[in-house]
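Data block below; observations after.
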Amino acid sequence: MAKIKPLMWFPVVAFTGLAGLFAGGMYRDNPGELPSTWIGRDAPALPSRTLSSQPLVTAEDLASGEVTLVNFWASWCPPCRAEHPVLLDMQEQGIRVAGVNFRDPSDNAEAMLSELGDPFFAGAFDREGRTSIDWGVTAPPETFIIDGDGTVLFRFQGPLLGSDYERRFVPALQEALGG
C-alpha cells in the first residue's frame, strides 16, 4: 500500500478554503458593495482647491453640527448627470450637500453646473483624484453621509436613483437626520 504524502493534501485544503471564502461572500447582506474603512471615523481630508463658482468645503463644514452629504462626481460620468436632479431636490429640502469634483477638467465641471444647476453649498476640486483615493472612492458617483461631528456614517456607491438608493441610502439618511 502506497503512503500518502502530506503535500498531496495541499490542493484539496486550498480548494476547500477558497470555496468557503467564496460561499461566505455570496451570502453577505450586499455582496457587490465594498465596505468603507471610514465608517465610524472622522472624515478624511478634502482638497484645498475648489471650482471658481463654489466656496471651498472645509473640515469645519463637515463638523458644523449638521448632517452633510459629500458627493464625489464628474462631468464625464453619465450616472452623475442622472442623479443630479436628486441632488437639486435635496438642496431644496435643506439637506447640506458638498460636492467633490474629481478627474475632470475644471471647465467641464463648471459647464455642467452652469447647465444643470449647482446643488452644492460648497465644493472641492480634485483634478488628479488623490482625495478620492484617500476616501476609498472607486468610481463616481459616490456619496458619504457625514454626522454633525464630522464622523462618516454611511457610504453609497452609485447614483442616488433606483431601488438600491431607496432601500439603503434613504433610510440611512433619514436615520442620520433624526427622522
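The way I read the labels, and the way they are meant: chains A, B, ... in the order of the C-alpha cells, residue 1 as the first residue of every chain, and ligand 1 as the first ligand shown, with later ones counted on from there.
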Residues near stretch 146-149 of chain A, cut-off 7 Å, only C-alpha atoms, skip fewer than 4 positions along chain, as a list in words: Leu62, Ala63, Ser64, Gly65, Glu66, Val67, Thr68, Leu69, Leu153 and Ala176 of chain A
Dump N, CA and C atoms for the selected residues as a PDB file, in the first residue's frame?
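What landed in out24.pdb:
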ATOM      1  N   LEU A  62     -17.780  70.063   7.654  1.00  0.00           N
ATOM      2  CA  LEU A  62     -18.218  68.689   7.909  1.00  0.00           C
ATOM      3  C   LEU A  62     -18.502  68.446   9.385  1.00  0.00           C
ATOM      4  N   ALA A  63     -17.965  69.289  10.259  1.00  0.00           N
ATOM      5  CA  ALA A  63     -18.177  69.154  11.702  1.00  0.00           C
ATOM      6  C   ALA A  63     -18.957  70.344  12.245  1.00  0.00           C
ATOM      7  N   SER A  64     -19.901  70.831  11.439  1.00  0.00           N
ATOM      8  CA  SER A  64     -20.646  72.047  11.784  1.00  0.00           C
ATOM      9  C   SER A  64     -21.825  71.803  12.720  1.00  0.00           C
ATOM     10  N   GLY A  65     -22.078  70.553  13.046  1.00  0.00           N
ATOM     11  CA  GLY A  65     -23.245  70.224  13.855  1.00  0.00           C
ATOM     12  C   GLY A  65     -24.418  69.754  13.014  1.00  0.00           C
ATOM     13  N   GLU A  66     -24.317  69.868  11.707  1.00  0.00           N
ATOM     14  CA  GLU A  66     -25.380  69.431  10.802  1.00  0.00           C
ATOM     15  C   GLU A  66     -24.904  68.243   9.966  1.00  0.00           C
ATOM     16  N   VAL A  67     -25.835  67.353   9.660  1.00  0.00           N
ATOM     17  CA  VAL A  67     -25.528  66.245   8.765  1.00  0.00           C
ATOM     18  C   VAL A  67     -25.202  66.816   7.396  1.00  0.00           C
ATOM     19  N   THR A  68     -24.140  66.298   6.794  1.00  0.00           N
ATOM     20  CA  THR A  68     -23.688  66.762   5.478  1.00  0.00           C
ATOM     21  C   THR A  68     -23.445  65.558   4.583  1.00  0.00           C
ATOM     22  N   LEU A  69     -23.834  65.684   3.335  1.00  0.00           N
ATOM     23  CA  LEU A  69     -23.504  64.665   2.341  1.00  0.00           C
ATOM     24  C   LEU A  69     -22.285  65.146   1.579  1.00  0.00           C
ATOM     25  N   LEU A 153     -20.793  58.218   8.514  1.00  0.00           N
ATOM     26  CA  LEU A 153     -21.838  57.291   8.939  1.00  0.00           C
ATOM     27  C   LEU A 153     -22.143  56.227   7.898  1.00  0.00           C
ATOM     28  N   ALA A 176     -29.832  59.410  10.000  1.00  0.00           N
ATOM     29  CA  ALA A 176     -28.826  60.427  10.319  1.00  0.00           C
ATOM     30  C   ALA A 176     -29.463  61.766  10.643  1.00  0.00           C
TER      31      ALA A 176
END
Would you mind listing, for every residue of stretch 111-166 of chain A within 12 Å of stretch 96-102 of chain A, the two atoms forming the shortest contact and the distance between them in Å to one decimal, using only C-alpha atoms, sorted by chain and ascending residue number, as CSV?
residue,atom,partner,partner_atom,distance
A:Met112,CA,A:Asn101,CA,10.9
A:Leu113,CA,A:Asn101,CA,10.7
A:Asp118,CA,A:Gly99,CA,9.3
A:Pro119,CA,A:Val97,CA,7.0
A:Phe120,CA,A:Ala98,CA,5.0
A:Phe121,CA,A:Ala98,CA,5.9
A:Ala122,CA,A:Ala98,CA,5.2
A:Gly123,CA,A:Gly99,CA,4.6
A:Ala124,CA,A:Val100,CA,4.7
A:Phe125,CA,A:Asn101,CA,5.0
A:Asp126,CA,A:Phe102,CA,4.5
A:Arg127,CA,A:Phe102,CA,5.1
A:Glu128,CA,A:Phe102,CA,6.8
A:Gly129,CA,A:Phe102,CA,5.4
A:Arg130,CA,A:Phe102,CA,8.6
A:Thr131,CA,A:Phe102,CA,8.4
A:Ser132,CA,A:Phe102,CA,7.3
A:Ile133,CA,A:Phe102,CA,10.4
A:Trp135,CA,A:Val100,CA,11.0
A:Val137,CA,A:Phe102,CA,10.4
A:Thr138,CA,A:Phe102,CA,11.6
A:Ala139,CA,A:Phe102,CA,10.1
A:Pro140,CA,A:Phe102,CA,8.7
A:Pro141,CA,A:Asn101,CA,9.8
A:Glu142,CA,A:Val100,CA,9.9
A:Thr143,CA,A:Gly99,CA,9.1
A:Phe144,CA,A:Val97,CA,9.7
A:Ile145,CA,A:Val97,CA,9.3
A:Ile146,CA,A:Val97,CA,10.0
A:Asp147,CA,A:Arg96,CA,11.2
A:Gly148,CA,A:Arg96,CA,10.8
Interatomic distance (Å, one decimal) between atom CA of A:Glu92 and atom CA of A:Ala109: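 These two atoms are separated by 21.2 Å.
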Enumerate as a PDB file with C-alpha atoms, in the first residue's frame all residues of chain A assigned to strand (DSSP E or B) by DSSP on the backbone, naming them with the chain letters and numbers the document uses.
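Generated file (out-v7.pdb):
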ATOM      1  CA  ASP A  42     -13.568  61.216  11.194  1.00  0.00           C
ATOM      2  CA  LEU A  56     -14.389  75.722  -0.615  1.00  0.00           C
ATOM      3  CA  THR A  68     -23.688  66.762   5.478  1.00  0.00           C
ATOM      4  CA  LEU A  69     -23.504  64.665   2.341  1.00  0.00           C
ATOM      5  CA  VAL A  70     -20.211  64.524   0.456  1.00  0.00           C
ATOM      6  CA  ASN A  71     -20.840  63.635  -3.174  1.00  0.00           C
ATOM      7  CA  PHE A  72     -17.951  62.663  -5.488  1.00  0.00           C
ATOM      8  CA  TRP A  73     -18.883  63.474  -9.087  1.00  0.00           C
ATOM      9  CA  ARG A  96     -26.418  70.072   3.003  1.00  0.00           C
ATOM     10  CA  VAL A  97     -24.549  68.546   0.063  1.00  0.00           C
ATOM     11  CA  ALA A  98     -20.869  69.208  -0.589  1.00  0.00           C
ATOM     12  CA  GLY A  99     -19.525  68.231  -3.996  1.00  0.00           C
ATOM     13  CA  VAL A 100     -16.068  66.926  -4.766  1.00  0.00           C
ATOM     14  CA  ASN A 101     -15.355  67.059  -8.481  1.00  0.00           C
ATOM     15  CA  PHE A 102     -12.546  64.726  -9.488  1.00  0.00           C
ATOM     16  CA  ALA A 122     -19.640  74.206  -1.123  1.00  0.00           C
ATOM     17  CA  GLY A 123     -17.234  72.128  -3.135  1.00  0.00           C
ATOM     18  CA  ALA A 124     -13.744  70.889  -3.731  1.00  0.00           C
ATOM     19  CA  PHE A 125     -11.759  70.167  -6.883  1.00  0.00           C
ATOM     20  CA  ASP A 126      -9.601  67.047  -7.039  1.00  0.00           C
ATOM     21  CA  GLU A 142     -20.249  58.003  -4.550  1.00  0.00           C
ATOM     22  CA  THR A 143     -21.936  59.734  -1.648  1.00  0.00           C
ATOM     23  CA  PHE A 144     -20.999  59.737   2.023  1.00  0.00           C
ATOM     24  CA  ILE A 145     -23.264  60.704   4.914  1.00  0.00           C
ATOM     25  CA  ILE A 146     -21.300  62.686   7.489  1.00  0.00           C
ATOM     26  CA  THR A 151     -17.911  61.239  11.518  1.00  0.00           C
ATOM     27  CA  VAL A 152     -18.550  59.140   8.409  1.00  0.00           C
ATOM     28  CA  LEU A 153     -21.838  57.291   8.939  1.00  0.00           C
ATOM     29  CA  PHE A 154     -22.544  55.707   5.557  1.00  0.00           C
ATOM     30  CA  ARG A 155     -21.102  55.222   2.082  1.00  0.00           C
ATOM     31  CA  PHE A 156     -23.227  54.744  -1.014  1.00  0.00           C
ATOM     32  CA  GLN A 157     -21.702  53.663  -4.315  1.00  0.00           C
TER      33      GLN A 157
END
